[in-house]
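Accompanying notes for the structure given below.
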Amino acid sequence: MAEVVLKNIGKKFDDHQVINNLNLLIGDGEFVTLLGPSGCGKTTLLRMIAGLETVDNGDLIVGGKRYNDIPPRERRIAMVFQSYALFPHMTVRANILFGLKIQKVSPTRMQEKLEWVIAMLGLQDLEDRLPKEISGGQRQRVALARALVLDPDVLLLDEPLSNLDAALREMAMEELKRIHRQVGKTIIYVTHNQVEAMTMSERIALLSGGELEQYDEPRYVYDRPETMFSAQFIGSPAINFIDGVIAQKENQIGIDSRIGFLLLDKERFGRAGEFTGRKVKVGIRPQNISYLEHRAARRYSDTSLTITVELIESLGDRSLIVGKVSDEITVRFLITREADIALDQEVRIFIDGRRLHLFDPRTQKNIFAARRKTSGE
Amino acid sequence: MSNIVKISALSRKVFWLCAVIFTVLLIIAPVFLLFKYSISDASSINTGGSPVPLWPYNPTFRNFLYLFSDNQFYGVVINSLLIAFFTVIVSLLIGVPASYVLGRYQIPLRKPLLVGLISVRLFPDIASVIPVAEFFITIEAHNTYWGVVLAHTLLALPYVIFIGTSAFEPIPRDLEHQAMVMGANRFQIFLKILFPLAIPGLTAAAIYTFLLSWDEFIFAYFLLGLGRISTLTLYLKQKLAYAPPQNLLATISVCLSFPVIIFSLLLQKHMSAGITSGAVK
Ligand SMILES: Nc1ncnc2c1ncn2[C@@H]1O[C@H](COP(=O)(O)OP(=O)(O)O)[C@@H](O)[C@H]1O
Ligand SMILES: [Mg+2]
């Protein structure tokens with residue numbers, strides 16, 4: 001059991017700053033996801049925690065101990081590689097027992113552990129197979145078993161589900177959550193898939209270009225994106241961004257924008273008056289725009305807008321509509337499958353004034369999301 | 001339309017079948033001829049104008065019996081076997097660690113080293129044998145077993161290192177790192193992960209080395225001359241000097257190939273390719 005603390009961690013490959021002054025505190029027994037686009041440094045960070053990459057600057061502290069100069073094999077950390085890295089010449093059993101054999105654990109203890117982990121991950125009857133003789137999903141579980149059997153303080157998982165098909169991935173996500181509850185280990189999970197991050201983690205550390213964008217519980221990352229990157233990366237379909245200026249009109253506070261005057265909810269944006277005249281980027285999630293037909297009552301803070309339907313894209317239970325506001329500006333929003341909308345039709349939509357996200361165009365930071373207390377101190 | 005497809009599929013099959021048969025014949029035919037001659041009686045070779053028969057008139061193992069009754073023959077076979085065996089051992093003892101380093105570490109001058117190794121072997125043996133022999137004579141390594149073993153190791157080592165390097169190189173680095181995270185030290189990683197995975201390549205190197213030593217003539221001749229120790233190749237040369245009958249020569253040739261075939265068969269099961277499949281994804 002251990003808490004993982006990253007203090008001003010940095011890593012450079014040649015001239016490329018891959019990790020830049022990162023601060024992160026991962027609690028004992030917590031399930032934290034490092035989420036970010038490909039190439040943002042997730043794997044590098046994980047390898048630094050495992051000791052496979054040196055820490056160029058800053059402190060890596062695990063369980064109260066500075067780990068910077070401790071070799072990988074003396075860290076009580078297990079890692080599942082994205083490739084699974086199963087030893088191809090060893091059976092499933094030999095793979096799982098590899099670490100215990102190195103540690104010279106007694107045969108009876110080894111057998112106990114083997115049985116425990118095989119039962120937990122449902123690997124019965126596979127013990128004598130070679131990695132090439134089992135399926136992708138089974139390999140993923142063997143890799144996990146091999147890590148768990150070592151009873152590590154911290155478990156690092158590098159995109160463990162990225163090689164699985166959709167159905168298997170859902171099952172594996174549930175299984176991972178169950179295992180986390182069962183063993184209570186600190187888990188650092190890496191993925192570029194926001195659904196995995198949202199579903200499984202207690203907290204998400206959103207990374208971009210080696211920097212921490214946001215570190216929070218999944219619902220807050222979605223509801224209160226701290227940066228434009230965060231707003232854009234989390235949520236699907238992608239958020240709409242519209243330029244505007246905070247303004248007052250007829251006693252109402254709102255945003256003067258090219259799609260009209262967008263009302264701001266008074267409760268949510270109580271302090272907005274202070275910012276009058278300030279340029280902003282307004283983020284509007286497609287989920288927060290509604291089409292009149294399936295909306296009974298309107299709130300005072302809804303802004304109504306007329307658009308022309310330019311594109312309808314079916315997402316299964318819902319459809320994504322791309323609506324043209326003017327020649328250059330379009331907005332994306334969602335309608336239920338039942339809604340009856342045709343191409344080129346003019347429809348009225350409503351933008352929820354409580355759910356707008358206002359960003360400073362220069363710093364790209366959210367002007368209103370009070371930064372929740374998060375990392376490393 | 002579908003008929004054309006069928007015909008072309010069939011003709012492709014026929015083509016491949018012919019190709020396979022041709023290749024097999026190409027390999028089998030000389031071996032067969034050699035064996036046929038080795039069991040031929042004199043009248044099946046000197047036929048006095050009529051064509052040589054496909055199978056001897058009176059097959060006989062007389063030549064084998066003659067050879068096996070020759071004490072000198074036993075001696076040289078054992079010598080050649082011992083020399084080849086120890087050449088394999090010494091070459092692997094030196095070559096495997098070298099291959100491990102060249103295949104797994106980005107050491108400085110790695111590329112030039114590898115190119116240099118192979119270019120050493122571009123010199124004709126006849127050119128390099130003189131300085132080597134001279135040096136071996138000054139250190140009194142001539143006329144000894146270990147001298148020949150060392151000379152053959154010299155010849156085999158560049159290939160062993162080259163093949164060995166390409167056996168170690170493609171092993172995914174993740175496997176090494178995984179073992180490291182699981183607590184293994186470098187030596188354990190080598191012993192339990194890298195070496196077992198390099199075995200197919202190293203086996204090929206071992207077979208090659210055995211073959212090289214087994215039928216090596218020039219260095220053996222310069223170092224041993226016609227002295228106390230003789231090898232199978234020197235023995236053959238000696239016999240040739242007396243213009244022996246064709247069937248006896250064929251018999252010696254069969255005996256020369258036999259151990260190589262046995263050695264290769266013994267090691268063959270370790271050469272199964274694709275042992276690394278399933279390691280990564
Ligand atoms: N060993 C290395 N040498 C040089 N650059 C590297 C090395 N490993 C990773 N990088 C670079 O660091 C960046 C982050 O890589 P990585 O941590 O693998 O990203 P992610 O796992 O988020 O996709 C990438 O730009 C990658 O090219
Ligand atoms: Mg990665």
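Every chain in the structure tokens has a letter given in the order shown (A, B, ...), and although residue numbers restart at 1 in each chain, ligands are simply numbered from 1 in the order shown.
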Protein and nucleic residues near ligand 1, 9 Å, only C-alpha atoms and all ligand atoms, as a PyMOL selection string: chain A and resi 12-14+16-19+34-47+53+158-159+190-192+207-210
Expected file contents, prior selection, N, CA, C and O atoms, as a short mmCIF file (atom, residue, chain, number, x, y, z; two decimals), in the first residue's frame:
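Saved the output as again_16.cif:
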```
data_model
loop_
_atom_site.label_atom_id
_atom_site.label_comp_id
_atom_site.auth_asym_id
_atom_site.auth_seq_id
_atom_site.Cartn_x
_atom_site.Cartn_y
_atom_site.Cartn_z
N LYS A 12 13.31 14.82 -20.14
CA LYS A 12 13.70 15.32 -21.45
C LYS A 12 14.29 14.19 -22.28
O LYS A 12 15.12 13.43 -21.78
N PHE A 13 13.85 14.05 -23.52
CA PHE A 13 14.55 13.18 -24.46
C PHE A 13 15.24 14.09 -25.46
O PHE A 13 14.57 14.79 -26.21
N ASP A 14 16.54 14.08 -25.46
CA ASP A 14 17.30 15.03 -26.28
C ASP A 14 16.83 16.45 -25.95
O ASP A 14 16.95 16.87 -24.82
N HIS A 16 13.69 17.38 -26.40
CA HIS A 16 12.23 17.32 -26.34
C HIS A 16 11.79 17.14 -24.89
O HIS A 16 12.02 16.10 -24.28
N GLN A 17 11.16 18.20 -24.35
CA GLN A 17 10.66 18.12 -22.97
C GLN A 17 9.38 17.28 -22.98
O GLN A 17 8.32 17.76 -23.35
N VAL A 18 9.49 16.02 -22.58
CA VAL A 18 8.35 15.11 -22.68
C VAL A 18 7.42 15.25 -21.47
O VAL A 18 6.20 15.18 -21.60
N ILE A 19 8.02 15.43 -20.31
CA ILE A 19 7.23 15.67 -19.09
C ILE A 19 7.72 16.98 -18.50
O ILE A 19 8.93 17.18 -18.34
N LEU A 34 -4.26 8.26 -15.99
CA LEU A 34 -3.56 9.28 -16.76
C LEU A 34 -4.19 9.26 -18.15
O LEU A 34 -4.08 8.27 -18.87
N LEU A 35 -4.86 10.33 -18.48
CA LEU A 35 -5.59 10.38 -19.75
C LEU A 35 -4.99 11.47 -20.62
O LEU A 35 -4.62 12.54 -20.13
N GLY A 36 -4.87 11.18 -21.89
CA GLY A 36 -4.35 12.20 -22.80
C GLY A 36 -4.15 11.63 -24.17
O GLY A 36 -4.14 10.41 -24.35
N PRO A 37 -3.97 12.50 -25.15
CA PRO A 37 -3.81 12.02 -26.52
C PRO A 37 -2.49 11.27 -26.68
O PRO A 37 -1.60 11.37 -25.84
N SER A 38 -2.39 10.53 -27.74
CA SER A 38 -1.19 9.77 -28.03
C SER A 38 0.02 10.70 -28.10
O SER A 38 -0.06 11.77 -28.68
N GLY A 39 1.10 10.30 -27.45
CA GLY A 39 2.32 11.10 -27.53
C GLY A 39 2.44 12.17 -26.46
O GLY A 39 3.39 12.94 -26.46
N CYS A 40 1.49 12.22 -25.51
CA CYS A 40 1.54 13.30 -24.52
C CYS A 40 2.43 12.94 -23.34
O CYS A 40 2.62 13.75 -22.45
N GLY A 41 2.97 11.75 -23.32
CA GLY A 41 3.93 11.42 -22.28
C GLY A 41 3.41 10.47 -21.21
O GLY A 41 4.06 10.27 -20.19
N LYS A 42 2.29 9.84 -21.44
CA LYS A 42 1.70 8.96 -20.44
C LYS A 42 2.61 7.76 -20.15
O LYS A 42 2.92 7.46 -18.99
N THR A 43 3.03 7.09 -21.23
CA THR A 43 3.88 5.92 -21.04
C THR A 43 5.20 6.30 -20.38
O THR A 43 5.67 5.61 -19.47
N THR A 44 5.75 7.43 -20.81
CA THR A 44 7.01 7.89 -20.23
C THR A 44 6.86 8.09 -18.73
O THR A 44 7.71 7.66 -17.94
N LEU A 45 5.76 8.71 -18.32
CA LEU A 45 5.52 8.96 -16.90
C LEU A 45 5.42 7.63 -16.13
O LEU A 45 6.01 7.47 -15.07
N LEU A 46 4.71 6.69 -16.72
CA LEU A 46 4.54 5.39 -16.08
C LEU A 46 5.90 4.69 -15.94
O LEU A 46 6.21 4.11 -14.90
N ARG A 47 6.70 4.77 -17.01
CA ARG A 47 8.01 4.13 -16.98
C ARG A 47 8.94 4.80 -15.97
O ARG A 47 9.81 4.14 -15.39
N GLU A 53 12.75 4.63 -16.73
CA GLU A 53 13.32 5.87 -17.24
C GLU A 53 13.80 6.67 -16.04
O GLU A 53 13.17 6.64 -14.98
N ASP A 158 -0.55 0.17 -18.51
CA ASP A 158 -0.39 1.01 -19.70
C ASP A 158 -1.34 0.55 -20.81
O ASP A 158 -1.08 -0.47 -21.46
N GLU A 159 -2.40 1.26 -20.99
CA GLU A 159 -3.40 0.96 -22.02
C GLU A 159 -3.68 -0.54 -22.14
O GLU A 159 -3.56 -1.11 -23.21
N VAL A 190 -3.22 4.01 -17.50
CA VAL A 190 -2.99 4.92 -18.61
C VAL A 190 -3.93 4.59 -19.77
O VAL A 190 -4.10 3.43 -20.11
N THR A 191 -4.54 5.60 -20.33
CA THR A 191 -5.35 5.37 -21.52
C THR A 191 -5.50 6.66 -22.31
O THR A 191 -5.29 7.76 -21.78
N HIS A 192 -5.84 6.51 -23.59
CA HIS A 192 -6.20 7.72 -24.35
C HIS A 192 -7.71 7.71 -24.60
O HIS A 192 -8.23 8.56 -25.29
N LEU A 207 -3.59 14.86 -19.27
CA LEU A 207 -2.28 15.37 -19.70
C LEU A 207 -2.34 15.85 -21.14
O LEU A 207 -3.07 15.31 -21.96
N SER A 208 -1.53 16.85 -21.40
CA SER A 208 -1.36 17.28 -22.78
C SER A 208 0.04 17.86 -22.92
O SER A 208 0.45 18.69 -22.11
N GLY A 209 0.77 17.35 -23.89
CA GLY A 209 2.14 17.83 -24.12
C GLY A 209 3.00 17.79 -22.88
O GLY A 209 3.81 18.68 -22.65
N GLY A 210 2.84 16.76 -22.06
CA GLY A 210 3.70 16.60 -20.89
C GLY A 210 3.30 17.47 -19.71
O GLY A 210 4.01 17.54 -18.72
#
```
Close residues, region 226-241 of chain B itself excluded, 9 Å, only C-alpha atoms, min 3 positions apart in chain, as a PyMOL selection string: chain B and resi 72-73+75-81+83+143-145+214-217+220-221+244+249+252-253+256
Chain A contacts to chain B at 6 Å (only C-alpha atoms) as number ranges by chain: A: 72-73, 83, 85-88, 99, 131-132
Keeping only N, CA, C and O atoms, write those residues as an mmCIF file, in the first residue's frame.
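Saved to again.cif:
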```
data_model
loop_
_atom_site.group_PDB
_atom_site.id
_atom_site.type_symbol
_atom_site.label_atom_id
_atom_site.label_comp_id
_atom_site.auth_asym_id
_atom_site.auth_seq_id
_atom_site.Cartn_x
_atom_site.Cartn_y
_atom_site.Cartn_z
ATOM 1 N N PRO A 72 14.623 -0.434 -10.550
ATOM 2 C CA PRO A 72 13.264 -0.975 -10.723
ATOM 3 C C PRO A 72 12.998 -2.194 -9.855
ATOM 4 O O PRO A 72 11.925 -2.327 -9.270
ATOM 5 N N ARG A 73 13.993 -3.103 -9.758
ATOM 6 C CA ARG A 73 13.673 -4.351 -9.077
ATOM 7 C C ARG A 73 13.568 -4.198 -7.570
ATOM 8 O O ARG A 73 13.103 -5.094 -6.883
ATOM 9 N N SER A 83 1.990 -3.842 -24.536
ATOM 10 C CA SER A 83 2.172 -5.034 -25.372
ATOM 11 C C SER A 83 1.946 -6.324 -24.581
ATOM 12 O O SER A 83 2.050 -7.404 -25.126
ATOM 13 N N ALA A 85 3.828 -7.979 -22.969
ATOM 14 C CA ALA A 85 5.177 -8.494 -22.726
ATOM 15 C C ALA A 85 5.172 -9.847 -22.017
ATOM 16 O O ALA A 85 5.936 -10.072 -21.081
ATOM 17 N N LEU A 86 4.315 -10.745 -22.447
ATOM 18 C CA LEU A 86 4.359 -12.102 -21.891
ATOM 19 C C LEU A 86 5.599 -12.796 -22.445
ATOM 20 O O LEU A 86 5.948 -12.618 -23.611
ATOM 21 N N PHE A 87 6.244 -13.601 -21.615
ATOM 22 C CA PHE A 87 7.435 -14.310 -22.080
ATOM 23 C C PHE A 87 6.987 -15.453 -22.989
ATOM 24 O O PHE A 87 6.339 -16.393 -22.532
ATOM 25 N N PRO A 88 7.330 -15.382 -24.272
ATOM 26 C CA PRO A 88 6.722 -16.292 -25.258
ATOM 27 C C PRO A 88 7.138 -17.746 -25.083
ATOM 28 O O PRO A 88 6.419 -18.633 -25.516
ATOM 29 N N GLY A 99 8.172 -13.794 -11.314
ATOM 30 C CA GLY A 99 8.628 -12.860 -10.286
ATOM 31 C C GLY A 99 8.828 -13.524 -8.936
ATOM 32 O O GLY A 99 9.782 -13.234 -8.219
ATOM 33 N N PRO A 131 1.785 -18.384 -24.435
ATOM 34 C CA PRO A 131 1.066 -17.148 -24.786
ATOM 35 C C PRO A 131 0.469 -17.177 -26.187
ATOM 36 O O PRO A 131 -0.615 -16.657 -26.404
ATOM 37 N N LYS A 132 1.168 -17.808 -27.117
ATOM 38 C CA LYS A 132 0.630 -17.781 -28.483
ATOM 39 C C LYS A 132 -0.584 -18.700 -28.631
ATOM 40 O O LYS A 132 -1.258 -18.664 -29.651
#
```
Between CA of Gly235 (chain A) and CA of Leu311 (chain A) - distance in Å to one decimal: 20.0 Å
Polymer residues at most 10 Å from region 127-135 of chain B, only C-alpha atoms, same-chain spacing of 6 or more positions, as a PyMOL selection string: chain B and resi 120-121+141-142+147+151+154+218-224
Separation of CA of Asn240 (chain A) from CA of Arg258 (chain A) in Å: 13.2 Å
Per-residue DSSP, region 11-179 of chain A, filtered to alpha helix (DSSP H), as a PyMOL selection string: chain A and resi 42-50+92-102+107-121+136-148+166-179
I need the residues of region 78-278 of chain A that end up classed as strand (DSSP E or B) by DSSP on the backbone, written out as a compact mmCIF listing (two decimals) with C-alpha atoms, in the first residue's frame.
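Output below, filename selection-v9.txt:
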```txt
# COMPACT_ATOMS: atom_id res chain seq x y z
CA ALA A 78 4.25 -3.92 -10.89
CA MET A 79 3.56 -2.87 -14.44
CA VAL A 80 1.46 -4.26 -17.24
CA VAL A 154 1.45 0.18 -6.81
CA LEU A 155 0.06 -1.31 -9.99
CA LEU A 156 0.81 0.46 -13.27
CA LEU A 157 -1.33 -0.35 -16.28
CA ASP A 158 -0.39 1.01 -19.70
CA THR A 186 -3.03 1.93 -5.72
CA ILE A 187 -3.61 1.73 -9.46
CA ILE A 188 -2.26 4.12 -12.06
CA TYR A 189 -4.01 3.44 -15.29
CA VAL A 190 -2.99 4.92 -18.61
CA THR A 191 -5.35 5.37 -21.52
CA ARG A 203 -9.69 10.63 -10.40
CA ILE A 204 -8.49 11.54 -13.87
CA ALA A 205 -5.20 13.29 -14.52
CA LEU A 206 -5.60 14.84 -17.92
CA LEU A 207 -2.28 15.37 -19.70
CA SER A 208 -1.36 17.28 -22.78
CA GLU A 211 1.72 19.00 -18.70
CA LEU A 212 -1.14 18.43 -16.33
CA GLU A 213 -4.31 20.02 -17.67
CA GLN A 214 -6.68 18.95 -14.95
CA TYR A 215 -6.78 16.51 -12.07
CA ASP A 216 -10.17 15.71 -10.73
CA THR A 227 -8.89 24.46 -19.69
CA ASN A 240 -18.69 23.85 -29.64
CA PHE A 241 -16.48 26.90 -29.21
CA ILE A 242 -17.76 30.37 -30.04
CA ASP A 243 -16.00 33.72 -29.65
CA GLY A 244 -17.75 36.46 -27.67
CA VAL A 245 -17.55 39.28 -25.16
CA ILE A 246 -19.15 39.36 -21.72
CA ALA A 247 -21.81 42.04 -21.78
CA GLN A 248 -24.96 43.34 -20.09
CA LYS A 249 -28.16 43.83 -22.04
CA GLN A 252 -29.35 40.57 -18.21
CA ILE A 253 -25.78 39.34 -18.12
CA GLY A 254 -24.64 37.35 -21.09
CA ILE A 255 -22.23 37.01 -23.93
CA ASP A 256 -22.33 39.04 -27.06
CA SER A 257 -21.38 36.62 -29.77
CA GLY A 260 -26.44 36.30 -30.81
CA PHE A 261 -26.66 37.25 -27.14
CA LEU A 262 -26.12 34.14 -25.02
CA LEU A 263 -27.71 34.41 -21.61
```
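Distance annotation: of A:Leu100, A:Pro160, A:Glu115, A:Gly273, the residue with the minimal separation from ligand 2 is A:Pro160; atom set is only C-alpha atoms and all ligand atoms.
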Who sits within 6 Å of region 95-112 of chain B, only C-alpha atoms, same chain under 5 positions skipped, as JSON, numbers by chain: {"B": [160, 161, 164, 165, 168, 169]}
All residues 12 Å or closer to region 324-329 of chain A, only C-alpha atoms, same chain fewer than 2 positions away omitted, as an MDAnalysis selection string: chainID A and resid 240:243 257:260 304:312 321:322 331:333 343:349
